[in-house]
$ cat run.txt   # compact mmCIF, C-alpha atoms and all ligand atoms
# COMPACT_ATOMS: atom_id res chain seq x y z
CA MET A 1 -15.40 -0.71 -14.15
CA GLY A 2 -14.98 -4.18 -15.46
CA TRP A 3 -12.93 -7.28 -15.15
CA ARG A 4 -11.37 -9.75 -17.44
CA ARG A 5 -10.14 -13.13 -16.41
CA THR A 6 -7.36 -14.16 -18.74
CA ASP A 7 -6.06 -17.45 -17.37
CA ALA A 8 -5.31 -19.31 -14.19
CA TYR A 9 -3.50 -17.33 -11.53
CA ASP A 10 -0.81 -17.98 -9.03
CA ASP A 11 -0.76 -16.94 -5.45
CA TYR A 12 1.40 -13.89 -4.91
CA GLY A 13 3.55 -15.81 -2.48
CA GLN A 14 4.12 -18.83 -4.67
CA TRP A 15 5.87 -17.76 -7.81
CA SER A 16 8.87 -19.75 -8.76
CA GLU A 17 11.65 -19.00 -11.20
CA ASP A 18 10.34 -21.84 -13.35
CA ASP A 19 6.98 -20.26 -13.66
CA VAL A 20 8.40 -17.00 -14.88
CA ARG A 21 10.64 -18.68 -17.43
CA VAL A 22 7.88 -20.86 -18.82
CA ARG A 23 5.61 -17.89 -19.27
CA ALA A 24 8.27 -15.74 -20.86
CA ASN A 25 9.12 -18.32 -23.51
CA ARG A 26 5.63 -19.67 -23.92
CA LYS A 27 5.31 -18.89 -27.60
CA GLY A 28 8.97 -19.28 -28.38
CA SER A 29 8.74 -16.06 -30.31
CA ARG A 30 11.68 -13.75 -30.86
CA PRO A 31 11.68 -10.14 -31.85
CA ARG A 32 12.21 -9.89 -35.60
CA THR A 33 14.51 -6.92 -35.47
CA LYS A 34 17.31 -6.24 -33.03
CA VAL A 35 17.98 -8.98 -30.51
CA ARG A 36 16.42 -7.90 -27.24
CA PRO A 37 18.11 -9.01 -24.05
CA MET A 38 15.96 -11.74 -22.57
CA HIS A 39 16.75 -10.73 -19.01
CA GLU A 40 17.03 -14.26 -17.81
CA ASP A 41 18.55 -13.00 -14.59
CA ALA A 42 15.43 -10.93 -13.92
CA GLN A 43 13.66 -11.44 -10.64
CA GLU A 44 9.93 -11.38 -10.17
CA GLY A 45 8.19 -8.71 -8.16
CA ILE A 46 4.62 -7.78 -7.33
CA VAL A 47 3.64 -4.18 -7.88
CA LEU A 48 2.25 -2.80 -4.60
CA THR A 49 2.01 0.90 -5.39
CA VAL A 50 2.23 3.16 -8.40
CA ASP A 51 3.20 6.77 -7.90
CA ARG A 52 4.24 9.13 -10.66
CA GLY A 53 6.36 6.74 -12.66
CA ARG A 54 7.79 4.96 -9.63
CA TYR A 55 6.63 1.46 -8.79
CA SER A 56 7.21 -0.20 -5.44
CA CYS A 57 7.55 -3.91 -5.96
CA LEU A 58 7.66 -6.73 -3.43
CA VAL A 59 10.57 -9.07 -4.16
CA ASP A 60 11.15 -12.54 -2.67
CA ALA A 61 7.55 -12.45 -1.47
CA GLY A 62 6.91 -14.74 1.45
CA HIS A 63 10.60 -15.17 2.24
CA ARG A 64 10.98 -14.56 5.94
CA LYS A 65 14.35 -12.84 5.60
CA ARG A 66 14.78 -11.82 2.00
CA GLU A 67 11.40 -10.27 1.31
CA ARG A 68 11.82 -6.55 0.59
CA THR A 69 10.34 -3.67 -1.32
CA VAL A 70 12.24 -2.38 -4.33
CA ILE A 71 11.53 0.90 -6.07
CA ALA A 72 11.55 0.56 -9.84
CA ALA A 73 11.03 2.55 -13.01
CA ARG A 74 9.79 1.24 -16.34
CA ALA A 75 12.35 0.12 -18.85
CA ARG A 76 11.98 1.73 -22.26
CA GLU A 77 11.28 -1.64 -23.88
CA LEU A 78 7.90 -1.86 -22.14
CA GLY A 79 6.68 0.68 -24.66
CA ARG A 80 3.29 2.12 -23.77
CA LYS A 81 2.09 -0.83 -21.73
CA SER A 82 0.88 0.37 -18.36
CA VAL A 83 2.10 -1.24 -15.17
CA VAL A 84 -0.60 -1.43 -12.50
CA VAL A 85 -0.97 -2.51 -8.89
CA GLY A 86 -1.09 -6.28 -8.66
CA ASP A 87 1.03 -6.79 -11.74
CA ARG A 88 3.70 -9.44 -11.63
CA VAL A 89 6.78 -7.97 -13.21
CA ALA A 90 10.33 -8.97 -14.10
CA LEU A 91 12.94 -6.72 -12.49
CA VAL A 92 16.58 -6.09 -13.29
CA GLY A 93 19.22 -3.73 -11.94
CA ASP A 94 19.75 -2.90 -8.29
CA LEU A 95 17.34 -5.12 -6.39
CA SER A 96 18.81 -4.47 -2.95
CA GLY A 97 15.91 -2.28 -1.93
CA ASP A 98 18.40 0.10 -0.29
CA ALA A 99 17.46 3.75 -0.05
CA GLY A 100 18.17 5.67 -3.23
CA THR A 101 18.39 2.62 -5.49
CA LEU A 102 16.24 2.15 -8.55
CA ALA A 103 15.48 -1.10 -10.36
CA ARG A 104 13.96 -1.47 -13.82
CA ILE A 105 10.79 -3.27 -14.84
CA VAL A 106 11.56 -5.10 -18.08
CA ARG A 107 8.49 -7.27 -18.46
CA ILE A 108 4.90 -7.60 -17.30
CA GLU A 109 3.84 -11.20 -16.80
CA GLU A 110 0.55 -12.45 -18.14
CA ARG A 111 -2.40 -11.22 -16.08
CA SER A 112 -5.08 -13.54 -14.71
CA THR A 113 -7.64 -10.73 -14.36
CA LEU A 114 -7.88 -7.05 -15.09
CA LEU A 115 -9.99 -4.49 -13.32
CA ARG A 116 -10.73 -1.68 -15.72
CA ARG A 117 -12.72 1.46 -15.60
CA SER A 118 -14.41 3.35 -18.38
CA ALA A 119 -15.80 6.80 -17.86
CA ASP A 120 -19.39 5.78 -18.62
CA ASP A 121 -21.42 3.02 -20.20
CA THR A 122 -20.70 4.13 -23.75
CA ASP A 123 -17.03 4.89 -23.28
CA GLU A 124 -14.79 2.53 -25.19
CA VAL A 125 -11.61 3.81 -23.60
CA GLU A 126 -10.82 1.79 -20.55
CA ARG A 127 -8.10 2.30 -18.04
CA VAL A 128 -6.62 -0.70 -16.29
CA ILE A 129 -6.58 -0.17 -12.54
CA VAL A 130 -5.67 -3.46 -10.90
CA ALA A 131 -4.26 -6.72 -12.23
CA ASN A 132 -4.56 -10.30 -10.97
CA ALA A 133 -7.27 -9.81 -8.33
CA ASP A 134 -9.76 -12.64 -7.77
CA GLN A 135 -12.29 -11.13 -5.34
CA LEU A 136 -14.26 -7.92 -5.24
CA CYS A 137 -15.19 -6.56 -1.81
CA VAL A 138 -18.00 -4.03 -2.00
CA VAL A 139 -17.97 -1.78 1.05
CA VAL A 140 -21.30 -0.15 1.81
CA ALA A 141 -22.54 1.76 4.86
CA ALA A 142 -25.79 0.76 6.58
CA ALA A 143 -26.35 4.52 6.98
CA GLN A 144 -24.51 7.84 6.52
CA PRO A 145 -24.31 7.88 3.57
CA GLU A 146 -27.57 6.16 2.64
CA PRO A 147 -26.92 2.89 0.81
CA ARG A 148 -27.17 3.11 -2.97
CA PRO A 149 -28.59 -0.20 -4.14
CA ARG A 150 -27.96 0.62 -7.79
CA LEU A 151 -24.30 1.21 -7.17
CA ILE A 152 -24.07 -2.11 -5.35
CA ASP A 153 -25.82 -3.72 -8.33
CA ARG A 154 -23.27 -2.26 -10.68
CA TYR A 155 -20.35 -3.55 -8.67
CA LEU A 156 -21.93 -7.00 -8.56
CA VAL A 157 -22.57 -7.03 -12.30
CA ALA A 158 -18.94 -6.13 -12.97
CA ALA A 159 -17.83 -9.03 -10.77
CA TYR A 160 -20.23 -11.59 -12.26
CA ASP A 161 -19.38 -10.49 -15.77
CA ALA A 162 -15.84 -11.64 -15.25
CA GLY A 163 -16.53 -14.60 -13.00
CA ILE A 164 -14.91 -12.90 -10.01
CA GLU A 165 -16.37 -13.59 -6.59
CA PRO A 166 -18.09 -10.61 -5.00
CA MET A 167 -18.47 -10.10 -1.27
CA LEU A 168 -20.11 -7.35 0.77
CA VAL A 169 -18.94 -5.58 3.91
CA ILE A 170 -21.65 -3.53 5.58
CA THR A 171 -20.10 -0.79 7.73
CA LYS A 172 -21.61 1.50 10.35
CA THR A 173 -23.88 -1.20 11.73
CA ASP A 174 -23.60 0.70 15.03
CA LEU A 175 -25.83 3.35 13.40
CA GLU A 176 -28.34 1.15 11.58
CA PRO A 177 -28.96 -2.59 11.34
CA ALA A 178 -27.72 -4.32 8.20
CA THR A 179 -31.03 -6.08 7.57
CA ALA A 180 -32.20 -4.23 4.46
CA LEU A 181 -28.85 -4.60 2.70
CA ARG A 182 -28.64 -8.24 3.62
CA GLU A 183 -32.05 -8.81 2.05
CA LEU A 184 -30.93 -7.08 -1.12
CA VAL A 185 -28.18 -9.59 -1.83
CA ALA A 186 -29.64 -12.66 -0.12
CA PRO A 187 -30.93 -14.34 -3.32
CA LEU A 188 -27.51 -13.99 -4.90
CA GLN A 189 -25.87 -15.59 -1.86
CA VAL A 190 -23.17 -12.98 -1.74
CA PRO A 191 -21.14 -13.47 1.45
CA VAL A 192 -21.92 -10.59 3.82
CA PHE A 193 -19.80 -9.29 6.70
CA GLU A 194 -20.53 -6.51 9.13
CA SER A 195 -18.24 -3.89 10.55
CA SER A 196 -18.66 -1.09 13.05
CA LEU A 197 -16.45 1.68 14.33
CA GLY A 198 -14.02 0.58 17.03
CA ALA A 199 -14.77 -3.13 16.68
CA GLU A 200 -12.08 -5.51 15.47
CA PRO A 201 -12.69 -6.89 11.98
CA SER A 202 -14.35 -10.28 12.38
CA ASN A 203 -12.42 -13.51 11.98
CA ALA A 204 -14.94 -14.52 9.34
CA LEU A 205 -13.96 -11.51 7.24
CA ARG A 206 -10.25 -12.14 7.68
CA GLU A 207 -10.80 -15.79 6.77
CA ALA A 208 -12.54 -14.75 3.56
CA LEU A 209 -9.50 -12.70 2.57
CA VAL A 210 -6.87 -15.40 3.16
CA ASP A 211 -5.27 -16.69 -0.05
CA HIS A 212 -7.15 -14.16 -2.15
CA ARG A 213 -6.33 -10.90 -3.82
CA THR A 214 -9.32 -8.74 -3.03
CA VAL A 215 -10.11 -5.36 -4.51
CA MET A 216 -11.94 -3.05 -2.11
CA VAL A 217 -14.46 -0.70 -3.68
CA GLY A 218 -17.05 1.63 -2.24
CA HIS A 219 -18.56 5.07 -2.48
CA SER A 220 -16.87 7.95 -0.68
CA GLY A 221 -17.62 8.13 3.02
CA VAL A 222 -18.77 4.55 3.53
CA GLY A 223 -15.80 3.85 5.79
CA LYS A 224 -13.55 1.96 3.39
CA SER A 225 -10.37 3.63 4.66
CA THR A 226 -11.43 2.98 8.25
CA LEU A 227 -11.94 -0.68 7.39
CA VAL A 228 -8.62 -0.98 5.55
CA ASN A 229 -6.84 0.57 8.54
CA ALA A 230 -8.57 -1.86 10.90
CA LEU A 231 -7.52 -4.81 8.76
CA VAL A 232 -4.00 -3.49 8.11
CA PRO A 233 -2.94 -1.14 10.93
CA SER A 234 0.23 -0.14 9.07
CA ALA A 235 -1.79 1.04 6.07
CA ALA A 236 -2.53 4.44 7.63
CA ARG A 237 -5.11 5.35 5.02
CA ALA A 238 -6.46 8.84 5.56
CA THR A 239 -10.01 8.80 6.94
CA GLY A 240 -12.79 11.29 7.53
CA HIS A 241 -12.79 13.04 4.16
CA VAL A 242 -9.43 14.57 4.78
CA ASN A 243 -8.05 16.09 1.64
CA VAL A 244 -4.60 14.66 1.95
CA VAL A 245 -1.81 16.79 0.63
CA THR A 246 0.64 14.48 -0.98
CA GLY A 247 3.65 14.34 1.26
CA ARG A 248 6.69 12.15 1.06
CA GLY A 249 5.93 8.52 1.81
CA ARG A 250 2.23 9.19 1.59
CA HIS A 251 0.04 7.93 -1.21
CA THR A 252 -2.22 10.27 -3.04
CA SER A 253 -5.87 9.49 -2.56
CA SER A 254 -6.13 8.62 -6.23
CA SER A 255 -3.64 5.76 -6.32
CA SER A 256 -4.39 2.11 -5.66
CA VAL A 257 -2.31 0.29 -3.08
CA ALA A 258 -1.95 -3.41 -2.25
CA TYR A 259 -1.61 -4.42 1.40
CA ARG A 260 -0.93 -7.79 2.92
CA VAL A 261 -3.69 -8.71 5.34
CA ASP A 262 -3.34 -11.31 8.10
CA GLY A 263 -5.72 -14.19 8.51
CA PRO A 264 -7.49 -14.88 11.84
CA GLY A 265 -4.97 -15.14 14.67
CA GLY A 266 -2.19 -14.16 12.28
CA ILE A 267 -2.47 -17.47 10.43
CA GLY A 268 -2.28 -17.20 6.66
CA HIS A 269 -2.55 -14.04 4.66
CA GLY A 270 -4.17 -12.47 1.67
CA TRP A 271 -3.91 -9.18 -0.18
CA ILE A 272 -6.33 -6.31 -0.25
CA ILE A 273 -6.09 -3.63 -2.88
CA ASP A 274 -7.55 -0.29 -1.97
CA THR A 275 -8.79 1.62 -5.00
CA PRO A 276 -9.71 5.15 -3.99
CA GLY A 277 -10.24 6.12 -7.61
CA VAL A 278 -13.01 3.64 -8.37
CA ARG A 279 -16.15 5.56 -7.56
CA SER A 280 -18.02 5.96 -10.74
CA PHE A 281 -17.52 3.64 -13.64
CA GLY A 282 -19.08 2.51 -16.86
CA LEU A 283 -20.14 -1.00 -17.70
CA GLY A 284 -20.23 -0.55 -21.44
CA HIS A 285 -18.50 -3.83 -22.15
CA VAL A 286 -20.59 -6.07 -19.86
CA ASP A 287 -22.17 -9.13 -21.43
CA PRO A 288 -25.55 -9.89 -19.74
CA ASP A 289 -25.23 -13.48 -20.84
CA ALA A 290 -22.00 -13.81 -18.87
CA VAL A 291 -23.75 -12.50 -15.77
CA PHE A 292 -26.44 -15.22 -15.92
CA ARG A 293 -23.87 -17.84 -16.78
CA ALA A 294 -22.00 -17.04 -13.54
CA PHE A 295 -24.60 -19.11 -11.66
CA PRO A 296 -24.76 -22.88 -11.75
CA GLY A 297 -28.35 -23.94 -12.39
CA ILE A 298 -29.09 -20.75 -14.29
CA ALA A 299 -26.28 -21.27 -16.81
CA GLU A 300 -27.86 -24.51 -18.03
CA VAL A 301 -31.22 -22.82 -18.50
CA VAL A 302 -30.02 -19.78 -20.46
CA ALA A 303 -28.11 -22.13 -22.74
CA GLU A 304 -31.56 -23.18 -24.03
CA CYS A 305 -32.71 -19.62 -24.75
CA PRO A 306 -33.45 -18.38 -28.27
CA ARG A 307 -30.49 -16.73 -29.92
CA GLY A 308 -30.05 -13.10 -28.86
CA CYS A 309 -32.28 -13.49 -25.79
CA THR A 310 -31.69 -10.67 -23.30
CA HIS A 311 -33.04 -12.86 -20.44
CA LEU A 312 -34.77 -9.79 -19.03
CA ALA A 313 -38.37 -9.75 -17.82
CA ASP A 314 -39.69 -8.55 -21.19
CA ALA A 315 -37.74 -11.05 -23.30
CA PRO A 316 -40.08 -13.23 -25.40
CA ASP A 317 -39.63 -16.99 -24.92
CA CYS A 318 -36.88 -16.62 -22.33
CA GLU A 319 -36.21 -20.12 -21.02
CA LEU A 320 -35.78 -18.69 -17.52
CA ASP A 321 -39.53 -18.05 -17.30
CA GLU A 322 -40.23 -21.61 -18.47
CA ALA A 323 -37.80 -23.00 -15.90
CA ILE A 324 -39.41 -21.02 -13.09
CA SER A 325 -42.91 -22.24 -13.97
CA ASP A 326 -41.99 -25.90 -14.53
CA GLY A 327 -39.90 -26.07 -11.36
CA ARG A 328 -36.46 -26.55 -12.88
CA LEU A 329 -35.58 -23.43 -10.94
CA ASP A 330 -36.68 -23.56 -7.31
CA GLU A 331 -37.70 -20.64 -5.13
CA LEU A 332 -34.14 -19.49 -4.57
CA GLY A 333 -33.39 -19.85 -8.27
CA ALA A 334 -36.42 -17.73 -9.15
CA ALA A 335 -35.45 -15.07 -6.60
CA ARG A 336 -31.95 -15.07 -8.03
CA VAL A 337 -33.22 -14.57 -11.57
CA ALA A 338 -35.33 -11.65 -10.32
CA SER A 339 -32.24 -10.15 -8.66
CA LEU A 340 -30.08 -10.56 -11.73
CA ARG A 341 -32.75 -9.01 -13.92
CA ARG A 342 -32.94 -6.08 -11.51
CA LEU A 343 -29.15 -5.75 -11.62
CA LEU A 344 -29.04 -5.70 -15.39
CA VAL A 345 -31.91 -3.24 -15.75
CA SER A 346 -30.34 -1.01 -13.14
CA MET A 347 -27.17 -1.11 -15.20
CA THR A 348 -28.82 0.32 -18.27
CA GLY A 349 -31.36 2.57 -16.54
CA PRO A 350 -31.57 6.33 -17.12
CA ASP A 351 -29.30 7.42 -14.27
CA ALA A 352 -27.23 4.27 -14.34
CA ALA A 353 -23.93 5.96 -15.02
CA SER A 354 -24.42 8.71 -12.47
CA ASP A 355 -24.06 6.60 -9.35
N1 LIG A 401 -20.46 5.32 13.20
C1 LIG A 401 -19.54 4.83 12.39
N2 LIG A 401 -18.77 5.68 11.68
C2 LIG A 401 -17.84 5.15 10.85
C3 LIG A 401 -17.68 3.74 10.70
N3 LIG A 401 -16.68 3.54 9.79
C4 LIG A 401 -16.27 4.77 9.41
N4 LIG A 401 -16.93 5.75 10.04
C5 LIG A 401 -16.78 7.20 9.88
O1 LIG A 401 -17.21 7.56 8.58
C6 LIG A 401 -16.41 8.62 8.06
C7 LIG A 401 -15.84 8.21 6.72
O2 LIG A 401 -14.94 7.15 6.92
P1 LIG A 401 -13.73 6.86 5.92
O3 LIG A 401 -13.08 5.61 6.39
O4 LIG A 401 -12.91 8.05 5.72
O5 LIG A 401 -14.57 6.58 4.59
P2 LIG A 401 -14.06 6.28 3.13
O6 LIG A 401 -15.02 5.34 2.55
O7 LIG A 401 -12.64 5.90 3.14
O8 LIG A 401 -14.25 7.68 2.46
P3 LIG A 401 -13.21 8.52 1.63
O9 LIG A 401 -12.13 8.89 2.58
O10 LIG A 401 -14.00 9.69 1.14
O11 LIG A 401 -12.77 7.60 0.56
C8 LIG A 401 -15.33 8.89 9.11
O12 LIG A 401 -15.72 9.98 9.87
C9 LIG A 401 -15.33 7.62 9.94
O13 LIG A 401 -14.92 7.85 11.27
C10 LIG A 401 -18.53 2.87 11.45
O14 LIG A 401 -18.46 1.64 11.37
N5 LIG A 401 -19.44 3.47 12.27
ZN ZN A 402 -33.29 -15.89 -21.97
$ encode --input "run.txt" --output "C-alpha cells"
Amino acid sequence: MGWRRTDAYDDYGQWSEDDVRVRANRKGSRPRTKVRPMHEDAQEGIVLTVDRGRYSCLVDAGHRKRERTVIAARARELGRKSVVVGDRVALVGDLSGDAGTLARIVRIEERSTLLRRSADDTDEVERVIVANADQLCVVVAAAQPEPRPRLIDRYLVAAYDAGIEPMLVITKTDLEPATALRELVAPLQVPVFESSLGAEPSNALREALVDHRTVMVGHSGVGKSTLVNALVPSAARATGHVNVVTGRGRHTSSSSVAYRVDGPGGIGHGWIIDTPGVRSFGLGHVDPDAVFRAFPGIAEVVAECPRGCTHLADAPDCELDEAISDGRLDELGAARVASLRRLLVSMTGPDAASD
C-alpha cells in the first residue's frame, strides 16, 4: 500500500463549477485528432462506491435539497483509466438520480493523493484503491486478535512516505488496556483514540474526522466494521466474520466505500473510506528519506547526511546520530528516530510482506 500526494486538495463539499473548469483547461491542450466534446455542461460528482462497472456518485454535495446519488458508468473516452472511490469526476447524461437512470463519467479530475496497493515489496504493479484521502486511520485491537506491531509500522510508513497524517484507533479496550499500543506510537505522536464494544465513538475521534477524508485500514477481526457502523449507523457493514453473499444493495466485502461521518453533536462532517481489501500490501516504492523528512526537526538533520545515507542504525556518518549526541535532537527526537528506524527495518525484514 502506498500513497502519493499530487497537489492541493479541495474539500468534498466545496467544489465549484469554476474549479472544475480551471482544472479541465489547465494546460490549454486539445486532442490532436478528432475534436472531443469538452462536456462543459458536465457536473461534478464524488465517487462513493464502485461495484462491477457501476459507480455511485454524490452530486451537489452539501446542498441541503439537491444533494443526491447518481449511478454512472464510464464513458468510452476514459480509456483504461480506473475510477476509484474518492475520485472527483465529471458527469453527463441523466443526473436525476431516479431509479433506473444511468449517467456517464467523462472525466476524472486531478487527484490530490492516491492510495495504492502492490502485492508485495518487490511488486511494481500497483492498483489504485482510493483517491483524494488526507488521513489514514489504523484500526488495531488491544486483544483478539493480538496486535501486530509490524503491521502497524507498515501502515505508518505508508502514511509518512506520502506526508499523509496517520491516526490510531485502538478497539476492544474492554478486553485489554491500550497501554502497550499507546507506548508503541508515543514517540511518533500519532493521535490515539480508544473504542470498545457498545460505547459511543468519542467526540475526540469524531472531531478528528471532521473536514478530512480518512481511509480506515486494519487487519481482519480488529473491529473495523463495528467501528464504521458505530460512526455511521446507516453504513450497515457486515461484522463478525460473516461471509456476506453479495445481494442487491449490498456491497461486496472487497469494495471500498466512502461514508459521510458527523462531527460531535452533528456539527460538521468528514468522510471515512472503508477499505476491506487492504490487508496485506507491499511497500516497494517507499522512500526512507521521505519518511524521515515527514518530521520537522528531523528533516533538517537528514538534509545534512552524506549522499545515499539510509539513516538506519548501521549507517556510517548518519547525521541523526550526531544530532542525538550533540543535543540538536532532544529526548523525544531521539525516541522518534529510534521508532522510525524500527519502522523502516520492520518494513524490509524477512517476514515483512507476510503481515
Ligand atoms: N469485546 C469487543 N469485541 C469487539 C469490539 N469491536 C468489535 N468486536 C467484535 O470483534 C469481532 C470482529 O469485529 P468486526 O467489526 O467484524 O471486525 P472487522 O475488523 O470488520 O473484521 P472483518 O469483518 O473480518 O473485516 C466481532 O465479533 C465484534 O463483535 C470491541 O470493542 N470489544
Ligand atoms: Zn542519515
$ axis_aligned_box --input "run.txt" --around "ligand LIG 401 (chain A)" --padding-each-side "6 Å" --output "AutoDock Vina command-line options"
--center_x -16.3 --center_y 5.8 --center_z 6.9 --size_x 20.3 --size_y 20.3 --size_z 24.6
$ residues_near_ligand --input "run.txt" --ligand "ligand ZN 402 (chain A)" --cutoff "7 Å" --atoms "only C-alpha atoms and all ligand atoms" --output "list in words"
Val302, Cys305, Pro306, Cys309, Thr310, His311, Leu312, Ala315, Cys318, Glu319 and Leu320 of chain A
$ residues_near_ligand --input "run.txt" --ligand "ligand LIG 401 (chain A)" --cutoff "9 Å" --atoms "only C-alpha atoms and all ligand atoms" --output "VMD selection string"
chain A and resid 139 to 145 170 to 175 194 to 199 217 to 229 237 to 243 253 276 to 277
$ residues_near_point --input "run.txt" --point "(-5.6, -6.6, 10.6)" --cutoff "9 Å" --atoms "all atoms listed in the file" --output "ChimeraX atom specification"
/A:200-201,206,228-234,261-264,266
$ closest_residue --input "run.txt" --among "A:Gly97, A:Gly86, A:Pro316, A:Pro191" --to "Ile46 in chain A" --atoms "only C-alpha atoms"
A:Gly86
$ residues_near_point --input "run.txt" --point "(-33.9, -7.5, -14.0)" --cutoff "12 Å" --atoms "all atoms listed in the file" --output "list in words"
Arg150, Asp153, Val157, Pro288, Val291, Phe292, Thr310, His311, Leu312, Ala313, Asp314, Ala315, Leu320, Ala334, Ala335, Arg336, Val337, Ala338, Ser339, Leu340, Arg341, Arg342, Leu343, Leu344, Val345, Ser346, Met347, Thr348 and Gly349 of chain A
$ closest_residue --input "run.txt" --among "A:Asp41, A:Asp211, A:Asp321, A:Glu146" --to "Asp94 in chain A" --atoms "all atoms listed in the file"
A:Asp41
$ closest_residue --input "run.txt" --among "A:Val215, A:Val185, A:Ile164, A:Val257" --to "Ala294 in chain A" --atoms "all atoms listed in the file"
A:Ile164
$ residues_around --input "run.txt" --residues "Ala186 in chain A" --least-positions-apart "2" --cutoff "12 Å" --atoms "only C-alpha atoms" --output "MDAnalysis selection string"
chainID A and resid 167:168 178:184 188:192 332:333 335:336 338:340
$ atom_distance --input "run.txt" --atom1 "CA of Glu110 in chain A" --atom2 "CA of Glu44 in chain A"
12.4 Å
